[in-house]
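This is entry.cif (mmCIF, C-alpha atoms).
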data_input
loop_
_atom_site.label_atom_id
_atom_site.label_comp_id
_atom_site.auth_asym_id
_atom_site.auth_seq_id
_atom_site.Cartn_x
_atom_site.Cartn_y
_atom_site.Cartn_z
CA MET A 1 213.04 177.12 230.09
CA ARG A 2 210.38 175.43 227.95
CA VAL A 3 208.28 178.57 228.01
CA PHE A 4 210.90 180.24 225.80
CA LEU A 5 209.76 177.89 223.04
CA GLN A 6 206.62 180.00 222.94
CA ALA A 7 208.55 183.07 221.73
CA VAL A 8 207.62 182.44 218.09
CA PHE A 9 207.07 186.10 217.31
CA GLY A 10 210.44 187.12 218.73
CA GLN A 11 212.29 184.36 216.90
CA ILE A 12 210.86 185.40 213.54
CA LEU A 13 210.92 189.16 214.10
CA PHE A 14 214.42 189.53 215.52
CA GLY A 15 215.93 186.78 213.39
CA GLY A 16 214.35 188.13 210.20
CA TYR A 17 215.50 191.66 210.91
CA ILE A 18 219.11 190.58 211.61
CA LEU A 19 219.11 188.35 208.51
CA TRP A 20 217.94 191.26 206.35
CA ARG A 21 220.41 193.80 207.69
CA GLY A 22 223.31 191.37 207.84
CA ARG A 23 222.92 190.42 204.17
CA GLN A 24 223.20 194.10 203.28
CA ALA A 25 226.52 194.33 205.12
CA LEU A 26 228.14 191.16 203.72
CA PRO A 27 230.01 190.93 200.41
CA ARG A 28 227.66 190.24 197.51
CA THR A 29 228.95 186.77 196.79
CA LYS A 30 226.99 183.54 196.79
CA ALA A 31 229.25 181.82 199.32
CA TRP A 32 228.85 184.57 201.93
CA ARG A 33 225.10 184.96 201.51
CA VAL A 34 224.22 181.25 201.32
CA THR A 35 226.32 180.48 204.41
CA TYR A 36 224.81 183.39 206.31
CA ALA A 37 221.21 182.51 205.40
CA GLY A 38 221.90 178.83 206.10
CA CYS A 39 222.77 179.61 209.73
CA PHE A 40 219.37 181.25 210.22
CA LEU A 41 217.52 178.44 208.47
CA LEU A 42 219.28 175.86 210.66
CA GLU A 43 218.38 177.74 213.85
CA TRP A 44 214.74 178.10 212.76
CA MET A 45 214.59 174.38 211.91
CA LEU A 46 215.90 173.52 215.37
CA TYR A 47 213.50 175.94 216.99
CA PHE A 48 210.37 174.70 215.23
CA THR A 49 211.43 171.07 215.79
CA GLY A 50 211.48 171.81 219.51
CA TYR A 51 208.29 173.87 219.28
CA PHE A 52 206.17 171.23 217.56
CA PHE A 53 207.74 168.01 218.89
CA HIS A 54 208.94 168.89 222.42
CA GLY A 55 206.54 166.35 223.90
CA SER A 56 208.10 163.41 222.05
CA LEU A 57 211.78 164.36 221.74
CA PRO A 58 214.40 162.71 223.98
CA GLU A 59 215.14 164.92 226.96
CA SER A 60 218.84 165.28 226.08
CA LEU A 61 218.04 166.40 222.51
CA LEU A 62 215.39 168.83 223.71
CA GLU A 63 217.81 170.37 226.22
CA THR A 64 220.34 170.93 223.41
CA ILE A 65 217.69 172.55 221.20
CA LEU A 66 216.54 174.74 224.07
CA LEU A 67 220.08 175.88 224.87
CA VAL A 68 220.99 176.70 221.27
CA CYS A 69 217.72 178.42 220.35
CA ASN A 70 217.26 180.33 223.58
CA THR A 71 220.89 181.48 223.52
CA TRP A 72 220.35 182.85 220.03
CA TYR A 73 217.03 184.38 221.03
CA ILE A 74 218.62 186.40 223.85
CA ALA A 75 221.61 187.34 221.67
CA SER A 76 219.24 188.48 218.90
CA ILE A 77 217.46 190.81 221.33
CA TYR A 78 220.74 192.57 222.16
CA VAL A 79 221.83 192.66 218.52
CA THR A 80 218.53 194.33 217.64
CA MET A 81 218.86 196.77 220.55
CA GLY A 82 222.35 197.67 219.36
CA MET A 83 221.23 198.18 215.77
CA LEU A 84 218.35 200.51 216.58
CA PRO A 85 220.66 203.52 217.16
CA LEU A 86 222.23 202.83 213.75
CA GLU A 87 218.75 202.85 212.21
CA ILE A 88 218.14 206.27 213.75
CA VAL A 89 221.48 207.53 212.45
CA GLY A 90 220.57 206.24 208.98
CA LEU A 91 217.20 207.99 209.06
CA THR A 92 218.78 211.31 210.00
CA GLN A 93 221.31 210.91 207.17
CA ARG A 94 218.53 210.46 204.62
CA ARG A 95 216.88 213.60 205.92
CA TRP A 96 219.86 215.93 206.43
CA LYS A 97 222.80 214.33 204.51
CA TRP A 98 225.32 215.04 207.25
CA TYR A 99 227.78 212.15 206.63
CA PRO A 100 231.31 213.24 205.57
CA GLN A 101 232.10 212.27 201.96
CA THR A 102 234.73 209.79 203.13
CA VAL A 103 232.01 207.75 204.85
CA GLY A 104 230.11 207.45 201.60
CA LYS A 105 233.22 206.34 199.74
CA HIS A 106 233.93 203.54 202.23
CA TRP A 107 230.37 202.68 203.21
CA ARG A 108 230.59 198.99 202.30
CA GLU A 109 233.79 198.54 204.33
CA ILE A 110 232.21 200.36 207.28
CA LYS A 111 229.11 198.14 207.19
CA LEU A 112 231.23 194.98 207.08
CA THR A 113 233.35 196.23 209.99
CA LEU A 114 230.22 196.98 212.01
CA PHE A 115 228.90 193.50 211.19
CA PHE A 116 231.92 191.81 212.75
CA LEU A 117 232.03 194.26 215.65
CA PHE A 118 228.44 193.30 216.50
CA ILE A 119 229.35 189.61 216.39
CA ALA A 120 232.34 190.15 218.68
CA GLY A 121 230.45 192.46 221.05
CA VAL A 122 227.42 190.23 221.49
CA THR A 123 229.61 187.12 221.82
CA GLY A 124 231.51 188.82 224.63
CA LEU A 125 228.24 189.92 226.22
CA MET A 126 226.86 186.37 226.18
CA ILE A 127 230.06 184.92 227.65
CA SER A 128 229.87 187.47 230.47
CA ALA A 129 226.16 186.77 230.92
CA TYR A 130 226.84 183.04 231.26
CA HIS A 131 229.61 183.71 233.79
CA ASN A 132 227.18 185.78 235.87
CA VAL A 133 225.02 182.66 236.30
CA ALA A 134 227.72 179.98 236.42
CA CYS A 135 229.76 181.68 239.14
CA PRO A 136 227.45 182.98 241.88
CA VAL A 137 228.93 185.26 244.52
CA ALA A 138 228.38 185.42 248.27
CA ARG A 139 226.89 188.86 249.04
CA HIS A 140 227.64 189.82 252.66
CA LEU A 141 225.40 192.20 254.58
CA PHE A 142 225.80 193.45 258.14
CA LEU A 143 222.55 194.17 259.95
CA HIS A 144 221.77 195.16 263.51
CA VAL A 145 218.56 194.47 265.41
CA PRO A 146 218.18 196.59 268.56
CA LYS A 147 216.92 193.77 270.76
CA THR A 148 218.60 191.85 273.54
CA VAL A 149 218.64 188.12 272.82
CA GLU A 150 219.39 185.88 275.76
CA GLY A 151 222.40 183.69 275.07
CA ARG A 152 223.04 185.16 271.61
CA ASP A 153 224.63 188.40 270.42
CA SER A 154 224.81 187.54 266.71
CA LEU A 155 223.35 185.32 264.02
CA THR A 156 224.65 184.36 260.56
CA VAL A 157 221.86 183.68 258.10
CA VAL A 158 222.35 182.40 254.57
CA LEU A 159 219.54 183.25 252.16
CA MET A 160 219.39 181.09 249.02
CA CYS A 161 216.58 182.03 246.62
CA ASP A 162 215.43 181.05 243.16
CA THR A 163 217.51 177.96 242.46
CA HIS A 164 215.14 177.04 239.60
CA PHE A 165 216.33 173.46 239.29
CA GLY A 166 215.40 172.17 235.84
CA GLU A 167 216.84 171.88 232.33
CA THR A 168 219.29 174.74 232.94
CA VAL A 169 220.19 174.39 236.61
CA GLY A 170 221.06 170.79 237.43
CA LYS A 171 223.02 168.60 239.80
CA ARG A 172 226.41 170.18 239.17
CA GLN A 173 225.05 173.62 240.01
CA ALA A 174 223.23 172.24 243.06
CA GLN A 175 226.50 170.87 244.42
CA ARG A 176 228.16 174.25 243.81
CA TYR A 177 225.36 176.04 245.69
CA VAL A 178 225.61 173.68 248.64
CA SER A 179 229.38 174.12 248.86
CA LEU A 180 229.03 177.90 248.71
CA CYS A 181 226.37 177.84 251.44
CA ASN A 182 228.35 175.62 253.78
CA ALA A 183 231.52 177.67 253.25
CA GLN A 184 229.78 180.61 254.96
CA HIS A 185 229.43 178.59 258.21
CA PRO A 186 225.85 179.80 258.75
CA ASP A 187 223.84 179.38 261.92
CA VAL A 188 220.68 178.91 259.85
CA ILE A 189 219.94 178.53 256.14
CA LEU A 190 216.80 179.99 254.59
CA VAL A 191 215.65 178.90 251.13
CA GLY A 192 213.39 181.57 249.70
CA GLY A 193 211.23 179.76 247.15
CA ASP A 194 211.30 178.82 243.46
CA LEU A 195 213.36 175.70 244.01
CA ILE A 196 211.99 174.19 240.78
CA ASP A 197 211.93 176.03 237.46
CA TYR A 198 208.95 174.36 235.80
CA GLU A 199 208.63 170.59 236.31
CA SER A 200 210.20 168.50 239.07
CA ILE A 201 211.23 165.59 236.84
CA VAL A 202 214.78 166.86 236.23
CA ALA A 203 215.49 167.35 239.94
CA GLU A 204 213.96 163.96 240.72
CA GLN A 205 215.96 162.08 238.10
CA ALA A 206 219.22 163.76 239.17
CA HIS A 207 218.41 163.21 242.86
CA ILE A 208 219.23 166.81 243.67
CA GLU A 209 217.48 166.28 247.00
CA ASP A 210 220.54 164.23 248.05
CA ASP A 211 222.72 167.28 247.50
CA LEU A 212 220.39 169.63 249.37
CA ARG A 213 220.48 167.28 252.35
CA GLN A 214 224.17 168.18 252.62
CA LEU A 215 223.31 171.77 253.59
CA SER A 216 224.77 172.25 257.05
CA ALA A 217 223.64 174.73 259.71
CA PRO A 218 223.33 174.04 263.46
CA LEU A 219 219.91 175.71 263.66
CA GLY A 220 218.58 173.99 260.56
CA VAL A 221 217.40 174.65 257.02
CA TYR A 222 214.01 176.30 256.43
CA LEU A 223 212.18 176.64 253.12
CA VAL A 224 209.19 178.52 251.73
CA LEU A 225 207.33 178.13 248.46
CA GLY A 226 207.63 180.44 245.46
CA ASN A 227 205.36 181.11 242.51
CA HIS A 228 207.11 178.44 240.42
CA GLU A 229 206.08 175.81 242.96
CA TYR A 230 202.51 176.52 241.83
CA ARG A 231 203.31 175.83 238.18
CA ALA A 232 202.75 172.32 236.74
CA ASN A 233 202.76 169.24 238.98
CA ARG A 234 202.50 171.19 242.22
CA HIS A 235 201.93 168.10 244.38
CA ALA A 236 204.93 166.30 242.87
CA LYS A 237 207.06 169.33 243.70
CA LEU A 238 205.84 169.36 247.30
CA ARG A 239 206.65 165.66 247.67
CA TRP A 240 210.14 166.30 246.29
CA ILE A 241 210.74 169.30 248.59
CA GLN A 242 209.90 167.13 251.59
CA LYS A 243 212.85 164.89 250.60
CA THR A 244 215.39 167.74 250.76
CA GLY A 245 215.74 167.52 254.54
CA GLY A 246 214.71 171.10 255.21
CA ILE A 247 211.69 172.26 257.20
CA LEU A 248 209.01 173.64 254.89
CA LEU A 249 207.18 176.63 256.33
CA VAL A 250 203.83 177.25 254.65
CA ASP A 251 202.09 180.02 256.59
CA SER A 252 203.79 178.82 259.74
CA VAL A 253 206.27 179.99 262.35
CA ALA A 254 209.46 178.33 263.58
CA MET A 255 211.63 179.12 266.58
CA PRO A 256 214.96 177.38 265.92
CA ASP A 257 216.52 177.85 269.37
CA SER A 258 213.95 179.81 271.36
CA SER A 259 215.81 183.06 270.71
CA PHE A 260 214.20 184.31 267.47
CA TYR A 261 211.29 183.62 265.13
CA ILE A 262 211.19 182.66 261.45
CA VAL A 263 207.81 183.42 259.88
CA GLY A 264 207.47 181.50 256.62
CA ARG A 265 204.75 182.73 254.29
CA ASP A 266 203.04 180.83 251.52
CA ASP A 267 203.60 182.42 248.13
CA ALA A 268 201.37 185.35 247.16
CA LEU A 269 200.19 183.34 244.13
CA ASN A 270 197.96 181.50 246.58
CA PRO A 271 195.03 183.90 247.17
CA GLY A 272 194.15 181.99 250.33
CA ARG A 273 197.45 182.46 252.11
CA ALA A 274 197.20 183.65 255.70
CA ALA A 275 197.53 187.32 256.55
CA LEU A 276 200.77 188.22 258.26
CA HIS A 277 199.04 189.56 261.37
CA THR A 278 197.39 186.14 261.77
CA LEU A 279 200.76 184.37 261.60
CA MET A 280 202.38 186.79 264.03
CA LYS A 281 199.55 186.86 266.55
CA GLY A 282 200.87 186.01 269.98
CA LEU A 283 204.55 186.30 269.10
CA ASP A 284 206.86 187.78 271.73
CA HIS A 285 208.08 190.95 269.98
CA SER A 286 210.93 191.34 272.44
CA LYS A 287 212.56 188.59 270.34
CA PRO A 288 213.78 189.17 266.76
CA VAL A 289 211.28 188.30 264.02
CA ILE A 290 212.49 187.31 260.54
CA VAL A 291 209.87 187.04 257.78
CA LEU A 292 210.67 184.82 254.80
CA ASP A 293 208.37 185.61 251.87
CA HIS A 294 209.23 184.83 248.25
CA GLN A 295 207.74 187.88 246.52
CA PRO A 296 208.61 191.40 247.76
CA ILE A 297 205.08 192.75 247.52
CA SER A 298 204.08 192.99 251.19
CA ILE A 299 206.47 195.63 252.46
CA ASN A 300 203.84 197.77 254.17
CA GLU A 301 202.13 194.73 255.68
CA THR A 302 205.48 193.56 257.06
CA LEU A 303 206.21 196.99 258.46
CA MET A 304 202.80 197.31 260.15
CA ASN A 305 203.30 193.95 261.86
CA ARG A 306 206.64 195.06 263.31
CA ALA A 307 208.89 192.42 261.77
CA ASP A 308 212.57 193.16 262.27
CA ILE A 309 213.90 191.65 259.03
CA ALA A 310 212.09 190.53 255.87
CA LEU A 311 213.83 188.43 253.22
CA HIS A 312 212.64 188.02 249.63
CA GLY A 313 213.69 186.79 246.19
CA HIS A 314 211.61 186.39 243.02
CA THR A 315 212.76 189.42 241.00
CA HIS A 316 216.17 188.10 239.85
CA ASN A 317 217.01 191.81 239.72
CA GLY A 318 215.53 191.64 236.23
CA GLN A 319 217.99 188.93 235.08
CA LEU A 320 218.29 190.53 231.65
CA TRP A 321 218.90 194.27 231.31
CA PRO A 322 216.91 196.54 230.95
CA ASN A 323 214.40 194.54 233.01
CA SER A 324 216.24 195.64 236.14
CA LEU A 325 215.30 199.25 235.34
CA LEU A 326 211.66 198.41 234.62
CA LEU A 327 211.28 196.49 237.90
CA LYS A 328 211.99 199.67 239.84
CA PHE A 329 208.56 200.87 238.69
CA VAL A 330 206.90 197.61 239.78
CA TYR A 331 208.33 197.03 243.25
CA GLU A 332 209.06 199.40 246.09
CA CYS A 333 212.34 197.52 246.39
CA SER A 334 213.24 195.24 243.49
CA TYR A 335 216.74 194.34 244.65
CA GLY A 336 219.13 194.84 247.54
CA TYR A 337 218.93 196.29 251.04
CA TYR A 338 216.02 198.53 251.96
CA ARG A 339 214.92 199.99 255.27
CA LYS A 340 211.46 201.32 256.04
CA GLY A 341 210.67 202.39 259.57
CA ASP A 342 212.15 199.86 261.95
CA THR A 343 212.00 196.99 259.45
CA GLN A 344 214.98 196.00 257.32
CA PHE A 345 214.41 194.27 253.99
CA TYR A 346 216.68 192.38 251.64
CA VAL A 347 215.59 191.30 248.16
CA SER A 348 218.04 188.82 246.66
CA SER A 349 218.72 188.51 242.93
CA GLY A 350 218.68 184.74 243.42
CA ILE A 351 221.35 182.12 242.93
CA GLY A 352 219.93 180.38 239.84
CA CYS A 353 218.11 181.65 236.77
CA ALA A 354 214.76 181.29 235.06
CA GLY A 355 215.05 179.96 231.53
CA PRO A 356 218.34 180.29 229.64
CA PRO A 357 221.50 180.44 231.81
CA TYR A 358 222.30 184.11 231.25
CA ARG A 359 222.23 187.30 233.30
CA VAL A 360 222.92 190.72 231.85
CA GLY A 361 223.38 193.59 234.29
CA THR A 362 222.95 191.37 237.35
CA ARG A 363 224.70 188.48 239.10
CA SER A 364 223.61 185.23 240.70
CA GLU A 365 224.15 185.54 244.43
CA LEU A 366 223.95 183.91 247.80
CA ALA A 367 223.02 186.46 250.47
CA VAL A 368 224.88 186.14 253.77
CA LEU A 369 223.42 188.22 256.58
CA HIS A 370 225.59 188.89 259.62
CA ILE A 371 223.08 190.04 262.24
CA THR A 372 224.04 191.47 265.60
CA PHE A 373 221.74 192.00 268.57
CA ASP A 374 221.94 194.63 271.32
CA LYS A 375 219.02 196.61 272.65
CA ASN A 376 221.24 199.49 273.72
CA THR A 377 223.10 199.84 270.39
CA CYS A 378 221.88 201.07 267.04
CA LYS A 379 224.02 200.34 263.99
CA ALA A 380 223.38 201.12 260.35
CA ASN A 381 223.69 198.52 257.62
CA GLU A 382 227.25 198.46 256.33
#

Let's see the structure in the file written out as structure tokens.
Amino acid sequence: MRVFLQAVFGQILFGGYILWRGRQALPRTKAWRVTYAGCFLLEWMLYFTGYFFHGSLPESLLETILLVCNTWYIASIYVTMGMLPLEIVGLTQRRWKWYPQTVGKHWREIKLTLFFLFIAGVTGLMISAYHNVACPVARHLFLHVPKTVEGRDSLTVVLMCDTHFGETVGKRQAQRYVSLCNAQHPDVILVGGDLIDYESIVAEQAHIEDDLRQLSAPLGVYLVLGNHEYRANRHAKLRWIQKTGGILLVDSVAMPDSSFYIVGRDDALNPGRAALHTLMKGLDHSKPVIVLDHQPISINETLMNRADIALHGHTHNGQLWPNSLLLKFVYECSYGYYRKGDTQFYVSSGIGCAGPPYRVGTRSELAVLHITFDKNTCKANE
């Protein structure tokens, strides 16, 4: 979340533009204009206080500044996006004079109405965006692997990715995630990286590891690293992860009950991570193979090595629209279920959030995979 303090250009550009256009819409009285400008000056004072003094401010005060300023920053982006079509309409009016005369007569009233409509619309959008993070859903998927597994005809896997514990996602959210996980009665729980948002100090002070130790699955809890584990204080994060009670897989393979494999890859941010064919060398491919890899960038490699299921996170499905649209040009699969050849992929949008606690056009989720096994049956994903 601290990285949003670096958005100086956006704060000034979007804030200045909204201040300029808003003043044009408001009544030309001192009370209206001073109050309106004062709100922007107060936000900028808070922002630059956090920007210049974040290293010495009390943590509680800094968290408040971050929440207020980053909430406004995201809201200002959507206000600006909403106003751009009006700018285009205004430009066409100056060129072709197509407004009806009644619009010209009531132009000041129309501008004031639009001003308050923007406030109401963006407020509603931000409330919805907060709800999308605060109330994660369990996303159920039904997969079939055409292999016969001795002593097992099904497996329930919970995939929890991108918790991003930090200033935004704390102990209360961790307890909610654990309750949601356990309510699915999984056979095994897989944690797909990015447990920590930036620094581990918040999770350590809140003892979130105590909550994660409450995750319950008869076949265990397995974790892999994400790119955020390689940001700031990496070794402190690794020490903290070891306290969570789960089994950390870093370029290693686990076999929870001798009936299937979990291949846990190091994050792609590590250029020295092992190749997948090295990890899978010697595996019995008559048994199901599940690959857990934080970033969904190795689809062809996974396919060539004949994994049955590959599980990813990282993308957040864009988190803030229209990023979700742009990611479709970056990843072969940026979110959801995807099948290529005989390998089935699922890219989760993640249960937490990076930075401010808002999602627009996407939802925090816990993926629940109901996997059935039968060599003689072929079922499509439902």

Legend entry - Spatial neighbours of Arg152 in chain A, max dist 12 Å, all atoms listed in the file, sep filter under 6 positions, as a PyMOL selection string: chain A and resi 187+257-260+287-288+371-374

Inset, instruction - Find the residues around range 37-42 of chain A up to 9 Å (all atoms listed in the file counted), leave out those fewer than 6 positions away in its own chain, and share them as an MDAnalysis selection string. - result: chainID A and resid 15:16 19 23

Inset, instruction - Excluding Leu369 in chain A and residues on its chain fewer than 6 positions from it, collect all residues at most 9 Å away from it, counting all atoms listed in the file, and give them as a PyMOL selection string. - result: chain A and resi 139-143+155-159

Inset, instruction - Convert the output of the PyMOL selection byres ((chain A and resi 216) around 6) on the shown file into explicit residues, formatted as number ranges by chain. - result: A: 182, 215, 217

Legend entry - Selected residue, from A:Lys243, A:Arg33, A:His294, A:His106, that lies nearest to Val263 in chain A when counting all atoms listed in the file: A:His294

Inset, instruction - Given the file shown, determine the residues that the PyMOL selection byres ((chain A and resi 313) around 6) selects; report them as an MDAnalysis selection string. - result: chainID A and resid 161 294 312 314:315 347:348

Missing atoms in range 346-360 of chain A: fill them in up to N, CA, C and O atoms and send the result as a PDB file, in the coordinates of the input.
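Result written to selection_26.pdb:
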ATOM      1  N   TYR A 346     215.680 192.711 252.663  1.00  0.00           N
ATOM      2  CA  TYR A 346     216.680 192.380 251.640  1.00  0.00           C
ATOM      3  C   TYR A 346     215.995 191.547 250.562  1.00  0.00           C
ATOM      4  O   TYR A 346     215.372 190.517 250.856  1.00  0.00           O
ATOM      5  N   VAL A 347     216.120 192.017 249.321  1.00  0.00           N
ATOM      6  CA  VAL A 347     215.590 191.300 248.160  1.00  0.00           C
ATOM      7  C   VAL A 347     216.786 190.760 247.380  1.00  0.00           C
ATOM      8  O   VAL A 347     217.587 191.532 246.834  1.00  0.00           O
ATOM      9  N   SER A 348     216.900 189.449 247.339  1.00  0.00           N
ATOM     10  CA  SER A 348     218.040 188.820 246.660  1.00  0.00           C
ATOM     11  C   SER A 348     217.777 188.686 245.164  1.00  0.00           C
ATOM     12  O   SER A 348     216.633 188.508 244.724  1.00  0.00           O
ATOM     13  N   SER A 349     218.843 188.749 244.375  1.00  0.00           N
ATOM     14  CA  SER A 349     218.720 188.510 242.930  1.00  0.00           C
ATOM     15  C   SER A 349     218.618 187.029 242.618  1.00  0.00           C
ATOM     16  O   SER A 349     218.372 186.656 241.471  1.00  0.00           O
ATOM     17  N   GLY A 350     218.808 186.179 243.630  1.00  0.00           N
ATOM     18  CA  GLY A 350     218.680 184.740 243.420  1.00  0.00           C
ATOM     19  C   GLY A 350     219.980 184.103 242.983  1.00  0.00           C
ATOM     20  O   GLY A 350     220.858 184.751 242.404  1.00  0.00           O
ATOM     21  N   ILE A 351     220.092 182.817 243.235  1.00  0.00           N
ATOM     22  CA  ILE A 351     221.350 182.120 242.930  1.00  0.00           C
ATOM     23  C   ILE A 351     221.283 181.384 241.589  1.00  0.00           C
ATOM     24  O   ILE A 351     222.294 181.117 240.969  1.00  0.00           O
ATOM     25  N   GLY A 352     220.070 181.076 241.120  1.00  0.00           N
ATOM     26  CA  GLY A 352     219.930 180.380 239.840  1.00  0.00           C
ATOM     27  C   GLY A 352     219.452 181.330 238.757  1.00  0.00           C
ATOM     28  O   GLY A 352     219.799 182.511 238.745  1.00  0.00           O
ATOM     29  N   CYS A 353     218.658 180.815 237.837  1.00  0.00           N
ATOM     30  CA  CYS A 353     218.110 181.650 236.770  1.00  0.00           C
ATOM     31  C   CYS A 353     216.847 180.997 236.249  1.00  0.00           C
ATOM     32  O   CYS A 353     216.667 179.787 236.366  1.00  0.00           O
ATOM     33  N   ALA A 354     215.967 181.806 235.692  1.00  0.00           N
ATOM     34  CA  ALA A 354     214.760 181.290 235.060  1.00  0.00           C
ATOM     35  C   ALA A 354     215.001 181.247 233.554  1.00  0.00           C
ATOM     36  O   ALA A 354     215.359 182.250 232.942  1.00  0.00           O
ATOM     37  N   GLY A 355     214.821 180.069 232.963  1.00  0.00           N
ATOM     38  CA  GLY A 355     215.050 179.960 231.530  1.00  0.00           C
ATOM     39  C   GLY A 355     216.517 179.811 231.197  1.00  0.00           C
ATOM     40  O   GLY A 355     217.286 179.169 231.917  1.00  0.00           O
ATOM     41  N   PRO A 356     216.955 180.433 230.097  1.00  0.00           N
ATOM     42  CA  PRO A 356     218.340 180.290 229.640  1.00  0.00           C
ATOM     43  C   PRO A 356     219.342 180.759 230.690  1.00  0.00           C
ATOM     44  O   PRO A 356     219.067 181.690 231.450  1.00  0.00           O
ATOM     45  N   PRO A 357     220.531 180.150 230.742  1.00  0.00           N
ATOM     46  CA  PRO A 357     221.500 180.440 231.810  1.00  0.00           C
ATOM     47  C   PRO A 357     222.304 181.714 231.553  1.00  0.00           C
ATOM     48  O   PRO A 357     223.535 181.672 231.418  1.00  0.00           O
ATOM     49  N   TYR A 358     221.622 182.839 231.523  1.00  0.00           N
ATOM     50  CA  TYR A 358     222.300 184.110 231.250  1.00  0.00           C
ATOM     51  C   TYR A 358     221.722 185.208 232.138  1.00  0.00           C
ATOM     52  O   TYR A 358     220.516 185.243 232.407  1.00  0.00           O
ATOM     53  N   ARG A 359     222.617 186.093 232.571  1.00  0.00           N
ATOM     54  CA  ARG A 359     222.230 187.300 233.300  1.00  0.00           C
ATOM     55  C   ARG A 359     223.007 188.471 232.704  1.00  0.00           C
ATOM     56  O   ARG A 359     224.233 188.406 232.597  1.00  0.00           O
ATOM     57  N   VAL A 360     222.297 189.510 232.377  1.00  0.00           N
ATOM     58  CA  VAL A 360     222.920 190.720 231.850  1.00  0.00           C
ATOM     59  C   VAL A 360     222.571 191.869 232.802  1.00  0.00           C
ATOM     60  O   VAL A 360     221.402 192.167 233.027  1.00  0.00           O
TER      61      VAL A 360
END
